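Data file: protein-v1.txt. Format and content: compact mmCIF, N, CA and C atoms and all ligand atoms.
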# COMPACT_ATOMS: atom_id res chain seq x y z
N MET B 1 9.31 -6.28 -16.04
CA MET B 1 8.46 -5.15 -15.74
C MET B 1 7.33 -5.60 -14.83
N THR B 2 7.07 -4.80 -13.84
CA THR B 2 6.03 -5.17 -12.88
C THR B 2 4.68 -4.66 -13.37
N THR B 3 3.72 -5.55 -13.39
CA THR B 3 2.36 -5.14 -13.73
C THR B 3 1.52 -5.19 -12.47
N ALA B 4 0.39 -4.50 -12.55
CA ALA B 4 -0.48 -4.46 -11.38
C ALA B 4 -0.91 -5.86 -10.97
N SER B 5 -1.17 -6.75 -11.96
CA SER B 5 -1.66 -8.08 -11.62
C SER B 5 -0.56 -8.94 -11.00
N ALA B 6 0.73 -8.61 -11.24
CA ALA B 6 1.82 -9.39 -10.66
C ALA B 6 2.13 -8.94 -9.23
N GLU B 7 1.66 -7.79 -8.87
CA GLU B 7 1.90 -7.30 -7.52
C GLU B 7 1.06 -8.09 -6.53
N PRO B 8 1.53 -8.17 -5.29
CA PRO B 8 0.65 -8.77 -4.29
C PRO B 8 -0.58 -7.89 -4.10
N PRO B 9 -1.67 -8.49 -3.71
CA PRO B 9 -2.86 -7.69 -3.48
C PRO B 9 -2.61 -6.64 -2.39
N VAL B 10 -3.30 -5.54 -2.51
CA VAL B 10 -3.22 -4.54 -1.45
C VAL B 10 -3.76 -5.14 -0.15
N ILE B 11 -4.83 -5.90 -0.28
CA ILE B 11 -5.41 -6.58 0.89
C ILE B 11 -5.74 -8.01 0.50
N ARG B 12 -5.32 -8.94 1.33
CA ARG B 12 -5.74 -10.33 1.15
C ARG B 12 -6.19 -10.87 2.50
N LEU B 13 -7.42 -11.29 2.56
CA LEU B 13 -7.96 -11.91 3.76
C LEU B 13 -8.16 -13.39 3.47
N ALA B 14 -7.72 -14.24 4.36
CA ALA B 14 -7.88 -15.67 4.17
C ALA B 14 -8.44 -16.30 5.44
N GLY B 15 -9.61 -16.87 5.30
CA GLY B 15 -10.23 -17.58 6.43
C GLY B 15 -10.44 -16.70 7.63
N LEU B 16 -10.76 -15.44 7.37
CA LEU B 16 -10.84 -14.47 8.46
C LEU B 16 -12.11 -14.67 9.28
N SER B 17 -11.92 -14.86 10.56
CA SER B 17 -13.05 -14.99 11.48
C SER B 17 -12.82 -14.10 12.69
N TYR B 18 -13.91 -13.63 13.24
CA TYR B 18 -13.79 -12.85 14.46
C TYR B 18 -14.96 -13.15 15.39
N THR B 19 -14.64 -13.41 16.64
CA THR B 19 -15.64 -13.61 17.69
C THR B 19 -15.40 -12.58 18.78
N TYR B 20 -16.40 -11.74 19.04
CA TYR B 20 -16.28 -10.82 20.17
C TYR B 20 -16.23 -11.65 21.45
N PRO B 21 -15.30 -11.31 22.33
CA PRO B 21 -15.06 -12.18 23.48
C PRO B 21 -16.21 -12.26 24.47
N GLY B 22 -17.02 -11.20 24.53
CA GLY B 22 -18.13 -11.25 25.49
C GLY B 22 -17.68 -11.09 26.92
N PRO B 23 -18.30 -11.72 27.90
CA PRO B 23 -19.32 -12.76 27.70
C PRO B 23 -20.71 -12.18 27.42
N PRO B 24 -21.50 -12.94 26.66
CA PRO B 24 -21.13 -14.20 26.01
C PRO B 24 -20.41 -13.92 24.70
N PRO B 25 -19.59 -14.86 24.22
CA PRO B 25 -18.92 -14.68 22.93
C PRO B 25 -19.94 -14.51 21.80
N VAL B 26 -19.62 -13.61 20.87
CA VAL B 26 -20.51 -13.38 19.72
C VAL B 26 -19.71 -13.61 18.44
N PRO B 27 -19.97 -14.72 17.75
CA PRO B 27 -19.31 -14.93 16.45
C PRO B 27 -19.85 -13.92 15.45
N ALA B 28 -18.98 -13.04 14.95
CA ALA B 28 -19.45 -11.95 14.10
C ALA B 28 -19.00 -12.09 12.66
N LYS B 29 -17.97 -12.85 12.42
CA LYS B 29 -17.42 -13.01 11.08
C LYS B 29 -16.93 -14.42 10.96
N ARG B 30 -17.32 -15.08 9.89
CA ARG B 30 -16.93 -16.48 9.75
C ARG B 30 -16.19 -16.72 8.45
N ALA B 31 -14.95 -17.14 8.55
CA ALA B 31 -14.17 -17.68 7.42
C ALA B 31 -14.35 -16.89 6.13
N MET B 32 -13.93 -15.65 6.16
CA MET B 32 -14.08 -14.80 4.98
C MET B 32 -12.77 -14.72 4.20
N ASP B 33 -12.89 -14.83 2.88
CA ASP B 33 -11.75 -14.63 1.98
C ASP B 33 -12.04 -13.40 1.13
N LEU B 34 -11.00 -12.61 0.91
CA LEU B 34 -11.17 -11.41 0.07
C LEU B 34 -9.81 -11.01 -0.49
N VAL B 35 -9.80 -10.64 -1.75
CA VAL B 35 -8.59 -10.09 -2.37
C VAL B 35 -8.95 -8.75 -2.99
N VAL B 36 -8.20 -7.73 -2.63
CA VAL B 36 -8.38 -6.40 -3.21
C VAL B 36 -7.05 -5.99 -3.82
N ARG B 37 -7.09 -5.70 -5.12
CA ARG B 37 -5.87 -5.29 -5.81
C ARG B 37 -5.82 -3.78 -5.97
N ARG B 38 -4.62 -3.32 -6.27
CA ARG B 38 -4.41 -1.88 -6.45
C ARG B 38 -5.43 -1.30 -7.44
N ALA B 39 -5.96 -0.18 -7.09
CA ALA B 39 -6.88 0.60 -7.94
C ALA B 39 -8.28 0.01 -8.00
N GLU B 40 -8.50 -1.11 -7.32
CA GLU B 40 -9.86 -1.63 -7.27
C GLU B 40 -10.67 -0.84 -6.25
N HIS B 41 -11.92 -0.68 -6.55
CA HIS B 41 -12.85 -0.05 -5.61
C HIS B 41 -13.77 -1.14 -5.08
N VAL B 42 -13.95 -1.16 -3.79
CA VAL B 42 -14.73 -2.22 -3.17
C VAL B 42 -15.82 -1.60 -2.32
N ALA B 43 -17.01 -2.10 -2.46
CA ALA B 43 -18.12 -1.68 -1.60
C ALA B 43 -18.48 -2.85 -0.69
N ILE B 44 -18.55 -2.60 0.58
CA ILE B 44 -18.95 -3.63 1.54
C ILE B 44 -20.40 -3.36 1.91
N THR B 45 -21.24 -4.26 1.52
CA THR B 45 -22.67 -4.08 1.74
C THR B 45 -23.24 -5.26 2.52
N GLY B 46 -24.37 -5.04 3.13
CA GLY B 46 -25.04 -6.11 3.85
C GLY B 46 -25.98 -5.50 4.87
N PRO B 47 -26.88 -6.30 5.37
CA PRO B 47 -27.84 -5.79 6.35
C PRO B 47 -27.16 -5.45 7.67
N SER B 48 -27.84 -4.68 8.46
CA SER B 48 -27.32 -4.35 9.79
C SER B 48 -27.02 -5.63 10.57
N GLY B 49 -25.87 -5.66 11.17
CA GLY B 49 -25.48 -6.82 11.96
C GLY B 49 -24.78 -7.90 11.17
N SER B 50 -24.54 -7.67 9.88
CA SER B 50 -23.92 -8.72 9.06
C SER B 50 -22.41 -8.75 9.17
N GLY B 51 -21.82 -7.73 9.83
CA GLY B 51 -20.39 -7.78 10.09
C GLY B 51 -19.55 -6.78 9.32
N LYS B 52 -20.17 -5.78 8.74
CA LYS B 52 -19.40 -4.78 7.97
C LYS B 52 -18.40 -4.04 8.87
N SER B 53 -18.88 -3.53 9.98
CA SER B 53 -17.98 -2.78 10.86
C SER B 53 -16.91 -3.68 11.46
N THR B 54 -17.30 -4.90 11.77
CA THR B 54 -16.32 -5.86 12.30
C THR B 54 -15.21 -6.09 11.28
N LEU B 55 -15.61 -6.25 10.03
CA LEU B 55 -14.61 -6.46 8.97
C LEU B 55 -13.67 -5.26 8.85
N LEU B 56 -14.24 -4.05 8.86
CA LEU B 56 -13.40 -2.87 8.71
C LEU B 56 -12.48 -2.69 9.93
N ASN B 57 -12.96 -3.05 11.09
CA ASN B 57 -12.09 -2.99 12.27
C ASN B 57 -10.90 -3.95 12.13
N LEU B 58 -11.14 -5.10 11.52
CA LEU B 58 -10.06 -6.07 11.33
C LEU B 58 -9.08 -5.58 10.26
N VAL B 59 -9.62 -5.12 9.14
CA VAL B 59 -8.75 -4.66 8.05
C VAL B 59 -7.98 -3.40 8.48
N GLY B 60 -8.60 -2.58 9.31
CA GLY B 60 -7.93 -1.39 9.83
C GLY B 60 -7.02 -1.65 11.00
N LEU B 61 -6.87 -2.91 11.36
CA LEU B 61 -5.97 -3.37 12.42
C LEU B 61 -6.37 -2.86 13.80
N LEU B 62 -7.63 -2.59 13.95
CA LEU B 62 -8.11 -2.18 15.28
C LEU B 62 -8.41 -3.41 16.13
N ASP B 63 -8.76 -4.50 15.48
CA ASP B 63 -8.99 -5.77 16.19
C ASP B 63 -8.15 -6.85 15.54
N ARG B 64 -7.84 -7.85 16.32
CA ARG B 64 -7.01 -8.96 15.83
C ARG B 64 -7.94 -10.14 15.50
N PRO B 65 -7.77 -10.75 14.35
CA PRO B 65 -8.69 -11.83 13.99
C PRO B 65 -8.62 -13.00 14.96
N THR B 66 -9.76 -13.64 15.16
CA THR B 66 -9.78 -14.86 15.96
C THR B 66 -9.11 -16.00 15.19
N GLU B 67 -9.39 -16.05 13.90
CA GLU B 67 -8.75 -17.02 13.02
C GLU B 67 -8.48 -16.35 11.68
N GLY B 68 -7.54 -16.90 10.93
CA GLY B 68 -7.28 -16.41 9.59
C GLY B 68 -6.17 -15.39 9.56
N THR B 69 -5.90 -14.93 8.35
CA THR B 69 -4.77 -14.02 8.14
C THR B 69 -5.19 -12.77 7.38
N ILE B 70 -4.46 -11.70 7.63
CA ILE B 70 -4.62 -10.45 6.91
C ILE B 70 -3.26 -10.09 6.33
N GLU B 71 -3.21 -9.95 5.01
CA GLU B 71 -1.99 -9.48 4.36
C GLU B 71 -2.25 -8.12 3.74
N VAL B 72 -1.32 -7.20 3.93
CA VAL B 72 -1.37 -5.89 3.29
C VAL B 72 -0.11 -5.75 2.46
N ASP B 73 -0.27 -5.54 1.18
CA ASP B 73 0.86 -5.48 0.25
C ASP B 73 1.76 -6.71 0.39
N GLY B 74 1.16 -7.87 0.60
CA GLY B 74 1.92 -9.11 0.68
C GLY B 74 2.54 -9.37 2.03
N LEU B 75 2.38 -8.46 2.97
CA LEU B 75 2.95 -8.62 4.30
C LEU B 75 1.89 -9.17 5.25
N ASP B 76 2.24 -10.24 5.93
CA ASP B 76 1.32 -10.80 6.92
C ASP B 76 1.29 -9.86 8.11
N VAL B 77 0.29 -9.06 8.16
CA VAL B 77 0.25 -8.01 9.16
C VAL B 77 0.09 -8.57 10.56
N GLY B 78 -0.67 -9.65 10.65
CA GLY B 78 -0.83 -10.27 11.97
C GLY B 78 0.50 -10.77 12.50
N ALA B 79 1.27 -11.42 11.62
CA ALA B 79 2.57 -11.93 12.04
C ALA B 79 3.50 -10.78 12.40
N ALA B 80 3.44 -9.71 11.62
CA ALA B 80 4.31 -8.58 11.90
C ALA B 80 3.99 -7.98 13.27
N ARG B 81 2.73 -7.90 13.56
CA ARG B 81 2.36 -7.34 14.86
C ARG B 81 2.81 -8.26 15.99
N ASN B 82 2.62 -9.56 15.79
CA ASN B 82 3.01 -10.49 16.84
C ASN B 82 4.51 -10.44 17.09
N ALA B 83 5.27 -10.30 16.00
CA ALA B 83 6.71 -10.33 16.15
C ALA B 83 7.24 -9.05 16.79
N ALA B 84 6.63 -7.94 16.46
CA ALA B 84 7.23 -6.67 16.82
C ALA B 84 6.60 -6.02 18.04
N GLY B 85 5.43 -6.38 18.38
CA GLY B 85 4.81 -5.72 19.50
C GLY B 85 3.32 -5.90 19.51
N PRO B 86 2.68 -5.28 20.44
CA PRO B 86 1.26 -5.55 20.61
C PRO B 86 0.39 -5.01 19.49
N ARG B 87 0.77 -3.91 18.89
CA ARG B 87 -0.14 -3.33 17.91
C ARG B 87 0.61 -2.37 17.00
N CYS B 88 0.54 -2.62 15.75
CA CYS B 88 1.15 -1.74 14.77
C CYS B 88 0.08 -1.33 13.81
N GLY B 89 -0.11 -0.07 13.62
CA GLY B 89 -1.15 0.35 12.72
C GLY B 89 -1.05 1.82 12.44
N PRO B 90 -1.99 2.30 11.67
CA PRO B 90 -1.96 3.71 11.33
C PRO B 90 -2.09 4.56 12.58
N ALA B 91 -1.15 5.46 12.77
CA ALA B 91 -1.17 6.27 13.97
C ALA B 91 -2.19 7.40 13.87
N GLY B 92 -2.50 7.81 12.65
CA GLY B 92 -3.49 8.85 12.48
C GLY B 92 -4.74 8.28 11.85
N SER B 93 -5.10 8.82 10.71
CA SER B 93 -6.29 8.32 10.05
C SER B 93 -6.02 6.96 9.43
N ALA B 94 -7.06 6.16 9.36
CA ALA B 94 -6.91 4.83 8.78
C ALA B 94 -6.67 4.94 7.29
N SER B 95 -5.68 4.22 6.83
CA SER B 95 -5.40 4.20 5.40
C SER B 95 -4.86 2.83 5.08
N TYR B 96 -5.31 2.24 3.97
CA TYR B 96 -4.90 0.88 3.66
C TYR B 96 -3.43 0.79 3.37
N SER B 97 -2.80 1.89 2.97
CA SER B 97 -1.37 1.81 2.69
C SER B 97 -0.55 1.99 3.96
N SER B 98 -1.14 2.53 5.01
CA SER B 98 -0.36 2.83 6.20
C SER B 98 0.12 1.61 6.98
N PRO B 99 -0.73 0.58 7.18
CA PRO B 99 -0.26 -0.52 8.03
C PRO B 99 0.98 -1.19 7.50
N SER B 100 1.04 -1.46 6.19
CA SER B 100 2.21 -2.17 5.69
C SER B 100 3.43 -1.27 5.73
N THR B 101 3.25 -0.02 5.38
CA THR B 101 4.37 0.92 5.45
C THR B 101 4.87 1.01 6.87
N CYS B 102 3.95 1.08 7.77
CA CYS B 102 4.28 1.17 9.19
C CYS B 102 5.09 -0.05 9.63
N CYS B 103 4.63 -1.23 9.28
CA CYS B 103 5.29 -2.44 9.75
C CYS B 103 6.61 -2.68 9.04
N ARG B 104 6.74 -2.19 7.82
CA ARG B 104 7.94 -2.44 7.04
C ARG B 104 9.04 -1.46 7.41
N THR B 105 8.68 -0.23 7.68
CA THR B 105 9.69 0.81 7.80
C THR B 105 9.94 1.27 9.23
N GLY B 106 9.17 0.80 10.13
CA GLY B 106 9.39 1.21 11.51
C GLY B 106 8.09 1.69 12.11
N PRO B 107 7.52 0.87 12.94
CA PRO B 107 6.19 1.15 13.43
C PRO B 107 6.16 2.29 14.45
N ARG B 108 5.05 2.94 14.45
CA ARG B 108 4.72 3.83 15.56
C ARG B 108 3.70 3.07 16.40
N TRP B 109 4.06 2.82 17.61
CA TRP B 109 3.25 1.91 18.41
C TRP B 109 2.05 2.59 19.02
N ARG B 110 1.00 1.82 19.05
CA ARG B 110 -0.17 2.26 19.79
C ARG B 110 -0.15 1.58 21.14
N THR B 111 -0.83 2.16 22.08
CA THR B 111 -0.92 1.51 23.39
C THR B 111 -2.34 1.08 23.63
N1 LIG Y 201 -18.61 -4.98 20.72
C1 LIG Y 201 -19.39 -6.02 20.39
N2 LIG Y 201 -19.58 -7.03 21.28
C2 LIG Y 201 -20.35 -8.09 20.95
N3 LIG Y 201 -20.96 -8.26 19.77
C3 LIG Y 201 -20.83 -7.28 18.85
C4 LIG Y 201 -20.03 -6.11 19.12
N4 LIG Y 201 -20.05 -5.32 18.01
C5 LIG Y 201 -20.82 -5.97 17.11
N5 LIG Y 201 -21.28 -7.13 17.61
C6 LIG Y 201 -22.12 -8.12 16.92
O1 LIG Y 201 -21.39 -8.59 15.78
C7 LIG Y 201 -22.27 -8.79 14.68
C8 LIG Y 201 -21.79 -7.93 13.53
O2 LIG Y 201 -21.92 -6.56 13.90
P1 LIG Y 201 -21.36 -5.37 13.01
O3 LIG Y 201 -20.01 -5.71 12.52
O4 LIG Y 201 -21.51 -4.14 13.81
O5 LIG Y 201 -22.40 -5.37 11.78
P2 LIG Y 201 -22.74 -4.20 10.73
O6 LIG Y 201 -21.65 -3.17 10.77
O7 LIG Y 201 -22.83 -4.92 9.41
O8 LIG Y 201 -24.06 -3.65 11.14
C9 LIG Y 201 -23.66 -8.43 15.18
O9 LIG Y 201 -24.27 -9.64 15.59
C10 LIG Y 201 -23.39 -7.52 16.36
O10 LIG Y 201 -24.45 -7.59 17.29
MG MG Y 202 -21.69 -1.09 11.15

Can you present the structure in this file as structure tokens?
Amino acid sequence: MTTASAEPPVIRLAGLSYTYPGPPPVPAKRAMDLVVRRAEHVAITGPSGSGKSTLLNLVGLLDRPTEGTIEVDGLDVGAARNAAGPRCGPAGSASYSSPSTCCRTGPRWRT
């Protein structure tokens, strides 16, 4: 029987970093780890400029991490995008369940 704790996390971030290319380059996120499981509620807090929007852009697959990995439902989303095309993500509104479904079942490509 599958339990919630045995399932892969809905979101797993490992060593996630992002640097805006610039010029000049702006390191905005450094080596972040995060695990979010089904039914968990997460609040992202921090002062202005601490990287909240940058993080959400990465988790929403709007930007590609400079370093690290993003898994959605156990699927390495970065690898899936690299293998299949330039960008796979929610075609409409952002939803955490959409990217993995999209990459697993047949992506709708963004340009
Ligand atoms: N498009 C961008 N180009 C360069 N630097 C950016 C850009 N967007 C945000 N930054 C920088 O990245 C850091 C994190 O910003 P941001 O993610 O917007 O923080 P928050 O949402 O927590 O206010 C800040 O230093 C900000 O100035
Ligand atoms: Mg913001």

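Proximity of B:Pro8, B:Pro47, B:Gly68, B:Gly22 to ligand MG 202 (chain Y), computed with only C-alpha atoms and all ligand atoms, is greatest for B:Pro47.
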
Q.
I'd like the neighbourhood of region 23-33 of chain B as a ChimeraX atom specification, where a residue qualifies if any of its atoms comes within 6 Å (using only N, CA and C atoms), though same-chain residues fewer than 3 positions away should be ignored.
A. /B:13-20,50-51

- Item | For atom O6 of ligand LIG 201 (chain Y) and CA of Arg64 (chain B), the interatomic separation in Å (one decimal) |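 Separating atom O6 of ligand LIG 201 (chain Y) from CA of Arg64 (chain B) is a distance of 16.5 Å.
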
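Shortest atom-to-atom contact with ligand LIG 201 (chain Y) among B:Ile11, B:Pro21, B:Arg38, B:Lys52: B:Lys52, counting only N, CA and C atoms and all ligand atoms.
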
Which is closer to His41 (chain B) than all the others in B:Val10, B:Leu61, B:Leu75, B:Leu55, using only C-alpha atoms?
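Looking only at the distances to His41 (chain B), the closest residue turns out to be B:Val10.
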
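You will find atom C1 of ligand LIG 201 (chain Y) at 25.5 Å from CA of Val35 (chain B).
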
Atom C of Asp63 (chain B) sits from atom C of Ala6 (chain B) at a separation of 26.9 Å

Please determine an axis-aligned box that encloses all atoms of region 9-24 of chain B listed in the file, with 8 Å added on each side, and express its centre and edge lengths in Å to one decimal as lines of an AutoDock Vina configuration file.
center_x = -11.6
center_y = -11.1
center_z = 12.1
size_x = 35.8
size_y = 29.0
size_z = 47.6

Item checked: Pick from B:Ala39, B:Leu34, B:Thr45, B:Thr54, whichever lies nearest to ligand LIG 201 (chain Y) using only C-alpha atoms and all ligand atoms ->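 The shortest atom-to-atom distance to ligand LIG 201 (chain Y) comes from B:Thr54.
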
Min atom-atom distance to ligand MG 202 (chain Y) from the set B:Pro9, B:Gly49, B:Gly74, B:Pro65, counting all atoms listed in the file, belongs to B:Gly49

Counting only N, CA and C atoms and all ligand atoms, the residue among B:Asp73, B:Ser48, B:Leu62, B:Arg37 that lies closest to ligand MG 202 (chain Y) is B:Ser48

message = Counting only C-alpha atoms, I want the residues whose atoms come within 7 Å of (-2.7, -11.3, 6.9) in the file frame, returned as a list in words.
response =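 Final list of nearby residues, as requested, is Arg12, Leu13, Thr69, Ile70, Glu71, Val72, Leu75, Asp76, Val77 and Gly78 of chain B.
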
Store the residues picked out above, limited to N, CA and C atoms, as a PDB file, keeping the file's coordinate frame.
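Result written to selection-v1.pdb:
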ATOM      1  N   ARG B  12      -5.320  -8.940   1.330  1.00  0.00           N
ATOM      2  CA  ARG B  12      -5.740 -10.330   1.150  1.00  0.00           C
ATOM      3  C   ARG B  12      -6.190 -10.870   2.500  1.00  0.00           C
ATOM      4  N   LEU B  13      -7.420 -11.290   2.560  1.00  0.00           N
ATOM      5  CA  LEU B  13      -7.960 -11.910   3.760  1.00  0.00           C
ATOM      6  C   LEU B  13      -8.160 -13.390   3.470  1.00  0.00           C
ATOM      7  N   THR B  69      -5.900 -14.930   8.350  1.00  0.00           N
ATOM      8  CA  THR B  69      -4.770 -14.020   8.140  1.00  0.00           C
ATOM      9  C   THR B  69      -5.190 -12.770   7.380  1.00  0.00           C
ATOM     10  N   ILE B  70      -4.460 -11.700   7.630  1.00  0.00           N
ATOM     11  CA  ILE B  70      -4.620 -10.450   6.910  1.00  0.00           C
ATOM     12  C   ILE B  70      -3.260 -10.090   6.330  1.00  0.00           C
ATOM     13  N   GLU B  71      -3.210  -9.950   5.010  1.00  0.00           N
ATOM     14  CA  GLU B  71      -1.990  -9.480   4.360  1.00  0.00           C
ATOM     15  C   GLU B  71      -2.250  -8.120   3.740  1.00  0.00           C
ATOM     16  N   VAL B  72      -1.320  -7.200   3.930  1.00  0.00           N
ATOM     17  CA  VAL B  72      -1.370  -5.890   3.290  1.00  0.00           C
ATOM     18  C   VAL B  72      -0.110  -5.750   2.460  1.00  0.00           C
ATOM     19  N   LEU B  75       2.380  -8.460   2.970  1.00  0.00           N
ATOM     20  CA  LEU B  75       2.950  -8.620   4.300  1.00  0.00           C
ATOM     21  C   LEU B  75       1.890  -9.170   5.250  1.00  0.00           C
ATOM     22  N   ASP B  76       2.240 -10.240   5.930  1.00  0.00           N
ATOM     23  CA  ASP B  76       1.320 -10.800   6.920  1.00  0.00           C
ATOM     24  C   ASP B  76       1.290  -9.860   8.110  1.00  0.00           C
ATOM     25  N   VAL B  77       0.290  -9.060   8.160  1.00  0.00           N
ATOM     26  CA  VAL B  77       0.250  -8.010   9.160  1.00  0.00           C
ATOM     27  C   VAL B  77       0.090  -8.570  10.560  1.00  0.00           C
ATOM     28  N   GLY B  78      -0.670  -9.650  10.650  1.00  0.00           N
ATOM     29  CA  GLY B  78      -0.830 -10.270  11.970  1.00  0.00           C
ATOM     30  C   GLY B  78       0.500 -10.770  12.500  1.00  0.00           C
TER      31      GLY B  78
END
